[in-house]
Every structure is written in structure tokens, then in C-alpha cells.
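Undergrad: I'm passing along run-v7.cif; it holds mmCIF, N, CA and C atoms.
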```cif
data_my_file
#
loop_
_atom_site.group_PDB
_atom_site.id
_atom_site.type_symbol
_atom_site.label_atom_id
_atom_site.label_comp_id
_atom_site.auth_asym_id
_atom_site.auth_seq_id
_atom_site.Cartn_x
_atom_site.Cartn_y
_atom_site.Cartn_z
ATOM 1 N N MET Z 26 220.219 -60.392 243.621
ATOM 2 C CA MET Z 26 221.048 -61.556 243.895
ATOM 3 C C MET Z 26 222.490 -61.228 243.498
ATOM 4 N N THR Z 27 223.428 -61.622 244.342
ATOM 5 C CA THR Z 27 224.833 -61.371 244.048
ATOM 6 C C THR Z 27 225.390 -62.476 243.177
ATOM 7 N N LYS Z 28 226.424 -62.143 242.464
ATOM 8 C CA LYS Z 28 227.085 -63.093 241.572
ATOM 9 C C LYS Z 28 227.829 -64.143 242.402
ATOM 10 N N PRO Z 29 227.682 -65.444 242.079
ATOM 11 C CA PRO Z 29 228.387 -66.484 242.825
ATOM 12 C C PRO Z 29 229.900 -66.270 242.796
ATOM 13 N N VAL Z 30 230.551 -66.630 243.894
ATOM 14 C CA VAL Z 30 231.984 -66.426 244.034
ATOM 15 C C VAL Z 30 232.784 -67.423 243.198
ATOM 16 N N ASN Z 31 232.316 -68.665 243.102
ATOM 17 C CA ASN Z 31 233.051 -69.682 242.348
ATOM 18 C C ASN Z 31 232.079 -70.709 241.777
ATOM 19 N N VAL Z 32 232.611 -71.669 241.033
ATOM 20 C CA VAL Z 32 231.781 -72.679 240.375
ATOM 21 C C VAL Z 32 231.019 -73.510 241.406
ATOM 22 N N LEU Z 33 231.685 -73.947 242.467
ATOM 23 C CA LEU Z 33 230.998 -74.754 243.481
ATOM 24 C C LEU Z 33 229.822 -73.997 244.071
ATOM 25 N N THR Z 34 230.003 -72.742 244.407
ATOM 26 C CA THR Z 34 228.916 -71.941 244.971
ATOM 27 C C THR Z 34 227.746 -71.875 243.987
ATOM 28 N N ALA Z 35 228.057 -71.666 242.721
ATOM 29 C CA ALA Z 35 227.002 -71.595 241.694
ATOM 30 C C ALA Z 35 226.276 -72.928 241.561
ATOM 31 N N VAL Z 36 227.022 -74.037 241.594
ATOM 32 C CA VAL Z 36 226.409 -75.368 241.490
ATOM 33 C C VAL Z 36 225.524 -75.638 242.708
ATOM 34 N N LEU Z 37 225.999 -75.284 243.887
ATOM 35 C CA LEU Z 37 225.201 -75.481 245.097
ATOM 36 C C LEU Z 37 223.924 -74.643 245.059
ATOM 37 N N GLU Z 38 224.030 -73.423 244.560
ATOM 38 C CA GLU Z 38 222.837 -72.574 244.439
ATOM 39 C C GLU Z 38 221.853 -73.148 243.430
ATOM 40 N N ALA Z 39 222.357 -73.722 242.357
ATOM 41 C CA ALA Z 39 221.492 -74.242 241.296
ATOM 42 C C ALA Z 39 220.878 -75.598 241.625
ATOM 43 N N HIS Z 40 221.608 -76.447 242.383
ATOM 44 C CA HIS Z 40 221.166 -77.837 242.558
ATOM 45 C C HIS Z 40 221.026 -78.282 244.004
ATOM 46 N N GLY Z 41 221.130 -77.372 244.935
ATOM 47 C CA GLY Z 41 220.984 -77.711 246.340
ATOM 48 C C GLY Z 41 222.331 -77.928 247.004
ATOM 49 N N LYS Z 42 222.305 -78.008 248.304
ATOM 50 C CA LYS Z 42 223.534 -78.078 249.079
ATOM 51 C C LYS Z 42 223.808 -79.477 249.636
ATOM 52 N N THR Z 43 223.298 -80.483 248.929
ATOM 53 C CA THR Z 43 223.583 -81.872 249.302
ATOM 54 C C THR Z 43 224.115 -82.624 248.091
ATOM 55 N N CYS Z 44 224.812 -83.711 248.362
ATOM 56 C CA CYS Z 44 225.380 -84.542 247.304
ATOM 57 C C CYS Z 44 224.260 -85.023 246.372
ATOM 58 N N ALA Z 45 224.477 -84.919 245.094
ATOM 59 C CA ALA Z 45 223.459 -85.262 244.095
ATOM 60 C C ALA Z 45 223.506 -86.723 243.659
ATOM 61 N N CYS Z 46 224.380 -87.525 244.262
ATOM 62 C CA CYS Z 46 224.501 -88.930 243.859
ATOM 63 C C CYS Z 46 223.183 -89.663 244.089
ATOM 64 N N ARG Z 47 222.785 -90.410 243.092
ATOM 65 C CA ARG Z 47 221.553 -91.208 243.177
ATOM 66 C C ARG Z 47 221.872 -92.698 243.017
ATOM 67 N N GLY Z 48 223.051 -93.076 243.497
ATOM 68 C CA GLY Z 48 223.430 -94.477 243.446
ATOM 69 C C GLY Z 48 224.514 -94.790 242.438
ATOM 70 N N THR Z 49 224.960 -93.806 241.688
ATOM 71 C CA THR Z 49 226.024 -94.009 240.710
ATOM 72 C C THR Z 49 227.282 -94.550 241.378
ATOM 73 N N CYS Z 50 227.441 -94.262 242.658
ATOM 74 C CA CYS Z 50 228.614 -94.689 243.409
ATOM 75 C C CYS Z 50 228.554 -96.171 243.782
ATOM 76 N N GLY Z 51 227.382 -96.787 243.612
ATOM 77 C CA GLY Z 51 227.232 -98.188 243.973
ATOM 78 C C GLY Z 51 226.539 -98.388 245.311
ATOM 79 N N THR Z 52 226.189 -97.303 245.971
ATOM 80 C CA THR Z 52 225.502 -97.365 247.262
ATOM 81 C C THR Z 52 224.035 -97.042 247.069
ATOM 82 N N GLU Z 53 223.173 -97.791 247.739
ATOM 83 C CA GLU Z 53 221.754 -97.446 247.738
ATOM 84 C C GLU Z 53 221.547 -96.426 248.840
ATOM 85 N N HIS Z 54 221.332 -95.178 248.455
ATOM 86 C CA HIS Z 54 221.131 -94.115 249.431
ATOM 87 C C HIS Z 54 219.693 -94.125 249.907
ATOM 88 N N SER Z 55 219.498 -93.865 251.188
ATOM 89 C CA SER Z 55 218.129 -93.755 251.688
ATOM 90 C C SER Z 55 217.525 -92.497 251.077
ATOM 91 N N GLY Z 56 216.301 -92.566 250.667
ATOM 92 C CA GLY Z 56 215.667 -91.428 250.016
ATOM 93 C C GLY Z 56 216.096 -91.267 248.569
ATOM 94 N N LEU Z 57 216.742 -92.255 247.984
ATOM 95 C CA LEU Z 57 217.172 -92.290 246.591
ATOM 96 C C LEU Z 57 218.295 -91.317 246.253
ATOM 97 N N ARG Z 58 218.766 -90.552 247.228
ATOM 98 C CA ARG Z 58 219.831 -89.584 246.977
ATOM 99 C C ARG Z 58 220.701 -89.475 248.223
ATOM 100 N N CYS Z 59 221.993 -89.319 248.033
ATOM 101 C CA CYS Z 59 222.902 -89.112 249.150
ATOM 102 C C CYS Z 59 222.510 -87.809 249.840
ATOM 103 N N ASP Z 60 222.542 -87.796 251.146
ATOM 104 C CA ASP Z 60 222.144 -86.575 251.850
ATOM 105 C C ASP Z 60 223.332 -85.843 252.475
ATOM 106 N N ALA Z 61 224.542 -86.161 252.025
ATOM 107 C CA ALA Z 61 225.733 -85.517 252.586
ATOM 108 C C ALA Z 61 225.747 -84.028 252.236
ATOM 109 N N THR Z 62 226.067 -83.214 253.225
ATOM 110 C CA THR Z 62 226.172 -81.774 253.018
ATOM 111 C C THR Z 62 227.628 -81.320 253.007
ATOM 112 N N HIS Z 63 228.522 -82.261 253.262
ATOM 113 C CA HIS Z 63 229.964 -81.996 253.205
ATOM 114 C C HIS Z 63 230.658 -83.334 252.981
ATOM 115 N N SER Z 64 231.951 -83.304 252.811
ATOM 116 C CA SER Z 64 232.686 -84.524 252.488
ATOM 117 C C SER Z 64 233.446 -85.099 253.680
ATOM 118 N N GLY Z 65 233.159 -84.643 254.869
ATOM 119 C CA GLY Z 65 233.831 -85.137 256.060
ATOM 120 C C GLY Z 65 235.154 -84.430 256.297
ATOM 121 N N LYS Z 66 235.568 -84.428 257.539
ATOM 122 C CA LYS Z 66 236.834 -83.804 257.951
ATOM 123 C C LYS Z 66 236.961 -82.372 257.438
ATOM 124 N N GLY Z 67 235.859 -81.665 257.428
ATOM 125 C CA GLY Z 67 235.869 -80.269 257.031
ATOM 126 C C GLY Z 67 235.955 -80.015 255.533
ATOM 127 N N LYS Z 68 235.947 -81.058 254.724
ATOM 128 C CA LYS Z 68 236.015 -80.877 253.270
ATOM 129 C C LYS Z 68 234.626 -80.544 252.733
ATOM 130 N N PRO Z 69 234.558 -79.545 251.853
ATOM 131 C CA PRO Z 69 233.257 -79.211 251.258
ATOM 132 C C PRO Z 69 232.895 -80.212 250.166
ATOM 133 N N LEU Z 70 231.669 -80.108 249.686
ATOM 134 C CA LEU Z 70 231.269 -80.877 248.512
ATOM 135 C C LEU Z 70 232.098 -80.385 247.329
ATOM 136 N N LEU Z 71 232.072 -81.107 246.220
ATOM 137 C CA LEU Z 71 232.757 -80.659 245.024
ATOM 138 C C LEU Z 71 231.770 -80.588 243.877
ATOM 139 N N ALA Z 72 232.097 -79.816 242.858
ATOM 140 C CA ALA Z 72 231.279 -79.707 241.659
ATOM 141 C C ALA Z 72 231.899 -80.612 240.608
ATOM 142 N N ALA Z 73 231.116 -81.571 240.115
ATOM 143 C CA ALA Z 73 231.606 -82.536 239.129
ATOM 144 C C ALA Z 73 230.449 -82.928 238.220
ATOM 145 N N PRO Z 74 230.749 -83.544 237.074
ATOM 146 C CA PRO Z 74 229.673 -83.917 236.142
ATOM 147 C C PRO Z 74 228.636 -84.837 236.776
ATOM 148 N N GLN Z 75 227.401 -84.658 236.387
ATOM 149 C CA GLN Z 75 226.312 -85.496 236.882
ATOM 150 C C GLN Z 75 226.585 -86.969 236.578
ATOM 151 N N TYR Z 76 227.160 -87.234 235.404
ATOM 152 C CA TYR Z 76 227.527 -88.587 235.004
ATOM 153 C C TYR Z 76 229.036 -88.609 234.792
ATOM 154 N N PRO Z 77 229.792 -89.241 235.692
ATOM 155 C CA PRO Z 77 231.259 -89.239 235.590
ATOM 156 C C PRO Z 77 231.754 -89.840 234.281
ATOM 157 N N ASN Z 78 232.848 -89.290 233.791
ATOM 158 C CA ASN Z 78 233.549 -89.815 232.629
ATOM 159 C C ASN Z 78 234.793 -90.537 233.126
ATOM 160 N N ALA Z 79 235.305 -91.481 232.342
ATOM 161 C CA ALA Z 79 236.502 -92.213 232.742
ATOM 162 C C ALA Z 79 237.736 -91.317 232.706
ATOM 163 N N SER Z 80 237.714 -90.288 231.903
ATOM 164 C CA SER Z 80 238.866 -89.410 231.697
ATOM 165 C C SER Z 80 238.757 -88.142 232.543
ATOM 166 N N ASP Z 81 239.857 -87.791 233.216
ATOM 167 C CA ASP Z 81 239.893 -86.539 233.969
ATOM 168 C C ASP Z 81 239.702 -85.347 233.039
ATOM 169 N N THR Z 82 240.229 -85.452 231.822
ATOM 170 C CA THR Z 82 240.094 -84.365 230.851
ATOM 171 C C THR Z 82 238.625 -84.128 230.509
ATOM 172 N N GLN Z 83 237.875 -85.200 230.298
ATOM 173 C CA GLN Z 83 236.444 -85.068 229.998
ATOM 174 C C GLN Z 83 235.694 -84.480 231.189
ATOM 175 N N ASN Z 84 236.042 -84.915 232.395
ATOM 176 C CA ASN Z 84 235.379 -84.388 233.591
ATOM 177 C C ASN Z 84 235.665 -82.900 233.752
ATOM 178 N N ALA Z 85 236.906 -82.498 233.526
ATOM 179 C CA ALA Z 85 237.286 -81.094 233.673
ATOM 180 C C ALA Z 85 236.638 -80.221 232.602
ATOM 181 N N ALA Z 86 236.347 -80.801 231.440
ATOM 182 C CA ALA Z 86 235.774 -80.041 230.329
ATOM 183 C C ALA Z 86 234.246 -80.022 230.345
ATOM 184 N N ALA Z 87 233.631 -80.655 231.328
ATOM 185 C CA ALA Z 87 232.169 -80.716 231.378
ATOM 186 C C ALA Z 87 231.585 -79.304 231.473
ATOM 187 N N PRO Z 88 230.552 -79.028 230.712
ATOM 188 C CA PRO Z 88 229.929 -77.706 230.788
ATOM 189 C C PRO Z 88 229.241 -77.498 232.136
ATOM 190 N N PHE Z 89 229.100 -76.253 232.527
ATOM 191 C CA PHE Z 89 228.497 -75.916 233.816
ATOM 192 C C PHE Z 89 227.137 -76.582 234.010
ATOM 193 N N GLU Z 90 226.346 -76.652 232.951
ATOM 194 C CA GLU Z 90 224.995 -77.218 233.059
ATOM 195 C C GLU Z 90 225.015 -78.681 233.492
ATOM 196 N N ASP Z 91 226.118 -79.380 233.250
ATOM 197 C CA ASP Z 91 226.225 -80.800 233.600
ATOM 198 C C ASP Z 91 226.775 -81.025 235.009
ATOM 199 N N LEU Z 92 227.212 -79.970 235.683
ATOM 200 C CA LEU Z 92 227.821 -80.128 237.003
ATOM 201 C C LEU Z 92 226.773 -80.258 238.101
ATOM 202 N N ARG Z 93 227.095 -81.084 239.089
ATOM 203 C CA ARG Z 93 226.249 -81.289 240.253
ATOM 204 C C ARG Z 93 227.143 -81.334 241.496
ATOM 205 N N PRO Z 94 226.561 -81.102 242.674
ATOM 206 C CA PRO Z 94 227.360 -81.240 243.898
ATOM 207 C C PRO Z 94 227.547 -82.723 244.243
ATOM 208 N N TRP Z 95 228.753 -83.085 244.630
ATOM 209 C CA TRP Z 95 229.081 -84.460 245.028
ATOM 210 C C TRP Z 95 229.874 -84.428 246.330
ATOM 211 N N CYS Z 96 229.662 -85.417 247.196
ATOM 212 C CA CYS Z 96 230.585 -85.607 248.311
ATOM 213 C C CYS Z 96 231.759 -86.411 247.755
ATOM 214 N N TRP Z 97 232.900 -86.291 248.383
ATOM 215 C CA TRP Z 97 234.108 -86.932 247.850
ATOM 216 C C TRP Z 97 233.970 -88.447 247.772
ATOM 217 N N LYS Z 98 233.338 -89.071 248.769
ATOM 218 C CA LYS Z 98 233.212 -90.534 248.753
ATOM 219 C C LYS Z 98 232.376 -90.998 247.563
ATOM 220 N N CYS Z 99 231.227 -90.397 247.366
ATOM 221 C CA CYS Z 99 230.374 -90.789 246.237
ATOM 222 C C CYS Z 99 231.094 -90.533 244.911
ATOM 223 N N TRP Z 100 231.744 -89.365 244.779
ATOM 224 C CA TRP Z 100 232.431 -89.055 243.526
ATOM 225 C C TRP Z 100 233.537 -90.061 243.259
ATOM 226 N N ARG Z 101 234.365 -90.337 244.256
ATOM 227 C CA ARG Z 101 235.480 -91.279 244.084
ATOM 228 C C ARG Z 101 234.955 -92.652 243.663
ATOM 229 N N ASP Z 102 233.919 -93.118 244.344
ATOM 230 C CA ASP Z 102 233.374 -94.442 244.036
ATOM 231 C C ASP Z 102 232.706 -94.473 242.659
ATOM 232 N N ALA Z 103 231.960 -93.425 242.309
ATOM 233 C CA ALA Z 103 231.313 -93.361 240.994
ATOM 234 C C ALA Z 103 232.361 -93.268 239.883
ATOM 235 N N LEU Z 104 233.409 -92.490 240.112
ATOM 236 C CA LEU Z 104 234.480 -92.356 239.129
ATOM 237 C C LEU Z 104 235.199 -93.689 238.936
ATOM 238 N N ASN Z 105 235.490 -94.387 240.018
ATOM 239 C CA ASN Z 105 236.141 -95.703 239.914
ATOM 240 C C ASN Z 105 235.263 -96.698 239.167
ATOM 241 N N ARG Z 106 233.961 -96.689 239.439
ATOM 242 C CA ARG Z 106 233.046 -97.589 238.728
ATOM 243 C C ARG Z 106 233.024 -97.286 237.233
ATOM 244 N N GLU Z 107 233.016 -96.000 236.867
ATOM 245 C CA GLU Z 107 233.017 -95.625 235.451
ATOM 246 C C GLU Z 107 234.325 -96.020 234.783
ATOM 247 N N ARG Z 108 235.433 -95.845 235.475
ATOM 248 C CA ARG Z 108 236.726 -96.228 234.909
ATOM 249 C C ARG Z 108 236.817 -97.743 234.730
ATOM 250 N N GLU Z 109 236.287 -98.507 235.676
ATOM 251 C CA GLU Z 109 236.261 -99.969 235.538
ATOM 252 C C GLU Z 109 235.389 -100.383 234.362
ATOM 253 N N ARG Z 110 234.230 -99.729 234.203
ATOM 254 C CA ARG Z 110 233.330 -100.036 233.086
ATOM 255 C C ARG Z 110 234.016 -99.743 231.756
ATOM 256 N N ALA Z 111 234.684 -98.587 231.659
ATOM 257 C CA ALA Z 111 235.363 -98.209 230.414
ATOM 258 C C ALA Z 111 236.521 -99.162 230.114
ATOM 259 N N ALA Z 112 237.273 -99.563 231.140
ATOM 260 C CA ALA Z 112 238.390 -100.491 230.935
ATOM 261 C C ALA Z 112 237.874 -101.853 230.486
ATOM 262 N N ASP Z 113 236.766 -102.310 231.060
ATOM 263 C CA ASP Z 113 236.178 -103.586 230.666
ATOM 264 C C ASP Z 113 235.707 -103.532 229.216
ATOM 265 N N MET Z 114 235.099 -102.426 228.828
ATOM 266 C CA MET Z 114 234.646 -102.267 227.448
ATOM 267 C C MET Z 114 235.837 -102.269 226.487
ATOM 268 N N ARG Z 115 236.916 -101.562 226.829
ATOM 269 C CA ARG Z 115 238.107 -101.557 225.969
ATOM 270 C C ARG Z 115 238.708 -102.955 225.864
ATOM 271 N N ARG Z 116 238.740 -103.675 226.975
ATOM 272 C CA ARG Z 116 239.289 -105.039 226.971
ATOM 273 C C ARG Z 116 238.469 -105.940 226.050
ATOM 274 N N ARG Z 117 237.150 -105.851 226.143
ATOM 275 C CA ARG Z 117 236.292 -106.670 225.280
ATOM 276 C C ARG Z 117 236.474 -106.304 223.808
ATOM 277 N N GLU Z 118 236.598 -105.005 223.514
ATOM 278 C CA GLU Z 118 236.810 -104.575 222.129
ATOM 279 C C GLU Z 118 238.131 -105.118 221.591
ATOM 280 N N LEU Z 119 239.175 -105.091 222.412
ATOM 281 C CA LEU Z 119 240.466 -105.633 221.989
ATOM 282 C C LEU Z 119 240.385 -107.139 221.760
ATOM 283 N N GLU Z 120 239.720 -107.851 222.655
ATOM 284 C CA GLU Z 120 239.577 -109.304 222.500
ATOM 285 C C GLU Z 120 238.820 -109.632 221.224
ATOM 286 N N GLU Z 121 237.730 -108.917 220.967
ATOM 287 C CA GLU Z 121 236.944 -109.161 219.762
ATOM 288 C C GLU Z 121 237.745 -108.838 218.502
ATOM 289 N N GLY Z 122 238.545 -107.781 218.565
ATOM 290 C CA GLY Z 122 239.375 -107.408 217.424
ATOM 291 C C GLY Z 122 240.476 -108.411 217.149
ATOM 292 N N GLN Z 123 240.979 -109.073 218.173
ATOM 293 C CA GLN Z 123 242.064 -110.025 217.995
ATOM 294 C C GLN Z 123 241.578 -111.376 217.491
ATOM 295 N N VAL Z 124 240.317 -111.713 217.716
ATOM 296 C CA VAL Z 124 239.786 -112.989 217.247
ATOM 297 C C VAL Z 124 239.940 -113.102 215.737
ATOM 298 N N SER Z 125 239.728 -112.012 215.034
ATOM 299 C CA SER Z 125 239.838 -112.066 213.575
ATOM 300 C C SER Z 125 241.284 -112.198 213.100
ATOM 301 N N LEU Z 126 242.239 -111.932 213.975
ATOM 302 C CA LEU Z 126 243.647 -112.083 213.593
ATOM 303 C C LEU Z 126 244.065 -113.552 213.505
ATOM 304 N N PHE Z 127 243.385 -114.379 214.239
ATOM 305 C CA PHE Z 127 243.735 -115.795 214.295
ATOM 306 C C PHE Z 127 242.505 -116.622 213.966
ATOM 307 N N ASP Z 128 242.691 -117.608 213.156
ATOM 308 C CA ASP Z 128 241.579 -118.473 212.792
ATOM 309 C C ASP Z 128 241.513 -119.584 213.827
ATOM 310 N N VAL Z 129 240.866 -119.332 214.929
ATOM 311 C CA VAL Z 129 240.860 -120.281 216.050
ATOM 312 C C VAL Z 129 239.966 -121.506 215.798
ATOM 313 N N ASP Z 130 239.066 -121.433 214.824
ATOM 314 C CA ASP Z 130 238.176 -122.559 214.566
ATOM 315 C C ASP Z 130 238.781 -123.565 213.590
ATOM 316 N N ARG Z 131 239.875 -123.228 212.923
ATOM 317 C CA ARG Z 131 240.483 -124.098 211.936
ATOM 318 C C ARG Z 131 241.362 -125.159 212.603
ATOM 319 N N GLU Z 132 241.315 -126.353 212.076
ATOM 320 C CA GLU Z 132 242.150 -127.430 212.628
ATOM 321 C C GLU Z 132 243.610 -127.155 212.285
ATOM 322 N N PRO Z 133 244.533 -127.539 213.187
ATOM 323 C CA PRO Z 133 245.954 -127.326 212.909
ATOM 324 C C PRO Z 133 246.423 -128.164 211.722
ATOM 325 N N ALA Z 134 247.404 -127.635 211.003
ATOM 326 C CA ALA Z 134 247.969 -128.327 209.837
ATOM 327 C C ALA Z 134 248.699 -129.579 210.302
ATOM 328 N N ALA Z 135 248.616 -130.626 209.493
ATOM 329 C CA ALA Z 135 249.247 -131.904 209.848
ATOM 330 C C ALA Z 135 250.711 -131.929 209.482
#
```
Would you kindly transcribe this structure into C-alpha cells?
TA:
Amino acid sequence: MTKPVNVLTAVLEAHGKTCACRGTCGTEHSGLRCDATHSGKGKPLLAAPQYPNASDTQNAAAPFEDLRPWCWKCWRDALNRERERAADMRRRELEEGQVSLFDVDREPAA
């Protein structure tokens, strides 16, 4: 066996030549997995983490073992969903942290 030319080639050899999304993008794929073999308009699949991170830095630092083939549409949608989830979690944490700054249950001074 010859050595893979690049990371995408290695990921495709290890995990198949179709998009590995299983609904993380928000779409119910027929057969439980996206069957895209390319990303449309001549774009190839991409190698990205099996579970997207909200941060580009975290995605870029993902170890090879965590990479899977993705079509661009599924990756973009899954990444946006993860970023929305992370932003919602940060917003809730900030709201909860601010409640203790103000005593909202106390009656106003006369």
C-alpha cells in the first residue's frame, strides 16, 4: 500500500468516500448517513472532526483519529449548529452569573 498523499486522502481511505454526517447538520439523512461523495460544483469532501467544535482553532487541532469525511453543506450546517449551541450556553452562564449581582427578589427601599 502506498502512503496517502494528504490528510483528506488518508481520512477517505480510513472512513470511506462518503460524507460521515449522521444528522449532526440537522438533516435526517436517508440511511442514517449522508451519502454525498463530493460537495457539489466539483468541490471534494473535506476532512473535519467527527464532532464539530465551536472554535476554528479546536477544529484545526483535532487529532487525525477524530477526523471524518464531510460534504461542505453538512459541515457548514453542523458547525453553525454547534456555534449556536455554544453561544446559547455562554449566554445562559452569563445570565445566571449576573443574577447574583442584583438582589432581584428584594423589595425596593421606601
Undergrad: Taking a cut-off of 6 Å and counting all atoms listed in the file, can you build a table that, for each residue of region 56-75 of chain Z near region 42-51 of chain Z, reports the nearest atom pair and how far apart they are in Å (one decimal), sorted by chain then residue number, as a tab-separated table?
TA:
```
residue	atom	partner	partner_atom	distance
Z:Leu57	C	Z:Arg47	CA	4.5
Z:Arg58	CA	Z:Cys46	C	4.4
Z:Cys59	N	Z:Cys46	C	4.1
Z:Asp60	C	Z:Cys44	N	4.9
Z:Ala61	C	Z:Cys44	N	4.0
Z:Thr62	CA	Z:Thr43	CA	4.5
```
Undergrad: Just checking: using only C-alpha atoms, which residue out of Z:Leu37, Z:Ala72, Z:Ala79, Z:Val30 ends up closest to Asp113 (chain Z)?
TA: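 Looking at the shortest contact to Asp113 (chain Z), the residue is Z:Ala79.
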Undergrad: Please measure the separation of atom C of Gly41 (chain Z) and atom N of Glu53 (chain Z), giving the value in Å to one decimal.
TA: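 Separation of atom C of Gly41 (chain Z) and atom N of Glu53 (chain Z): 19.9 Å.
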Undergrad: Quick check on the file I pasted: which residues fall under the PyMOL selection byres ((chain Z and resi 36) around 8)? Write them as JSON, numbers by chain.
TA: {"Z": [29, 31, 32, 33, 34, 35, 37, 38, 39, 40, 41, 42, 71, 72, 73, 89, 92, 93, 94]}
Undergrad: What is the distance between atom N of Pro77 (chain Z) and atom C of Cys99 (chain Z), in Å to one decimal?
TA: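 Here the two named atoms are 9.4 Å from each other.
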Undergrad: Interatomic distance between atom C of Arg106 (chain Z) and atom C of Tyr76 (chain Z)?
TA: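 Going from atom C of Arg106 (chain Z) over to atom C of Tyr76 (chain Z) covers 9.9 Å.
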Undergrad: Output: region 102-115 of chain Z of the preceding structure, restricted to N, CA, C and O atoms, written as a PDB file, in the first residue's frame.
TA:
```
ATOM      1  N   ASP Z 102     -23.454  23.365   8.124  1.00  0.00           N
ATOM      2  CA  ASP Z 102     -24.658  23.349   8.958  1.00  0.00           C
ATOM      3  C   ASP Z 102     -24.370  22.798  10.357  1.00  0.00           C
ATOM      4  O   ASP Z 102     -24.859  23.334  11.363  1.00  0.00           O
ATOM      5  N   ALA Z 103     -23.565  21.741  10.452  1.00  0.00           N
ATOM      6  CA  ALA Z 103     -23.212  21.173  11.758  1.00  0.00           C
ATOM      7  C   ALA Z 103     -22.373  22.164  12.567  1.00  0.00           C
ATOM      8  O   ALA Z 103     -22.580  22.323  13.774  1.00  0.00           O
ATOM      9  N   LEU Z 104     -21.452  22.849  11.905  1.00  0.00           N
ATOM     10  CA  LEU Z 104     -20.619  23.842  12.577  1.00  0.00           C
ATOM     11  C   LEU Z 104     -21.473  25.001  13.085  1.00  0.00           C
ATOM     12  O   LEU Z 104     -21.320  25.441  14.227  1.00  0.00           O
ATOM     13  N   ASN Z 105     -22.400  25.476  12.274  1.00  0.00           N
ATOM     14  CA  ASN Z 105     -23.294  26.563  12.706  1.00  0.00           C
ATOM     15  C   ASN Z 105     -24.151  26.137  13.891  1.00  0.00           C
ATOM     16  O   ASN Z 105     -24.349  26.910  14.836  1.00  0.00           O
ATOM     17  N   ARG Z 106     -24.661  24.909  13.866  1.00  0.00           N
ATOM     18  CA  ARG Z 106     -25.462  24.413  14.992  1.00  0.00           C
ATOM     19  C   ARG Z 106     -24.633  24.349  16.271  1.00  0.00           C
ATOM     20  O   ARG Z 106     -25.110  24.720  17.345  1.00  0.00           O
ATOM     21  N   GLU Z 107     -23.380  23.894  16.171  1.00  0.00           N
ATOM     22  CA  GLU Z 107     -22.513  23.821  17.348  1.00  0.00           C
ATOM     23  C   GLU Z 107     -22.184  25.211  17.870  1.00  0.00           C
ATOM     24  O   GLU Z 107     -22.173  25.456  19.071  1.00  0.00           O
ATOM     25  N   ARG Z 108     -21.945  26.150  16.976  1.00  0.00           N
ATOM     26  CA  ARG Z 108     -21.649  27.518  17.401  1.00  0.00           C
ATOM     27  C   ARG Z 108     -22.866  28.157  18.069  1.00  0.00           C
ATOM     28  O   ARG Z 108     -22.720  28.876  19.061  1.00  0.00           O
ATOM     29  N   GLU Z 109     -24.059  27.898  17.552  1.00  0.00           N
ATOM     30  CA  GLU Z 109     -25.282  28.408  18.184  1.00  0.00           C
ATOM     31  C   GLU Z 109     -25.468  27.796  19.565  1.00  0.00           C
ATOM     32  O   GLU Z 109     -25.831  28.479  20.515  1.00  0.00           O
ATOM     33  N   ARG Z 110     -25.209  26.488  19.691  1.00  0.00           N
ATOM     34  CA  ARG Z 110     -25.335  25.809  20.987  1.00  0.00           C
ATOM     35  C   ARG Z 110     -24.354  26.401  21.993  1.00  0.00           C
ATOM     36  O   ARG Z 110     -24.707  26.697  23.128  1.00  0.00           O
ATOM     37  N   ALA Z 111     -23.101  26.610  21.568  1.00  0.00           N
ATOM     38  CA  ALA Z 111     -22.081  27.161  22.468  1.00  0.00           C
ATOM     39  C   ALA Z 111     -22.424  28.597  22.867  1.00  0.00           C
ATOM     40  O   ALA Z 111     -22.259  28.978  24.029  1.00  0.00           O
ATOM     41  N   ALA Z 112     -22.925  29.397  21.925  1.00  0.00           N
ATOM     42  CA  ALA Z 112     -23.297  30.782  22.235  1.00  0.00           C
ATOM     43  C   ALA Z 112     -24.470  30.813  23.207  1.00  0.00           C
ATOM     44  O   ALA Z 112     -24.498  31.627  24.133  1.00  0.00           O
ATOM     45  N   ASP Z 113     -25.439  29.920  23.029  1.00  0.00           N
ATOM     46  CA  ASP Z 113     -26.582  29.850  23.933  1.00  0.00           C
ATOM     47  C   ASP Z 113     -26.130  29.456  25.336  1.00  0.00           C
ATOM     48  O   ASP Z 113     -26.577  30.030  26.331  1.00  0.00           O
ATOM     49  N   MET Z 114     -25.215  28.507  25.423  1.00  0.00           N
ATOM     50  CA  MET Z 114     -24.693  28.089  26.722  1.00  0.00           C
ATOM     51  C   MET Z 114     -23.949  29.241  27.399  1.00  0.00           C
ATOM     52  O   MET Z 114     -24.133  29.491  28.583  1.00  0.00           O
ATOM     53  N   ARG Z 115     -23.123  29.975  26.651  1.00  0.00           N
ATOM     54  CA  ARG Z 115     -22.411  31.121  27.233  1.00  0.00           C
ATOM     55  C   ARG Z 115     -23.392  32.191  27.702  1.00  0.00           C
ATOM     56  O   ARG Z 115     -23.227  32.769  28.769  1.00  0.00           O
TER      57      ARG Z 115
END
```
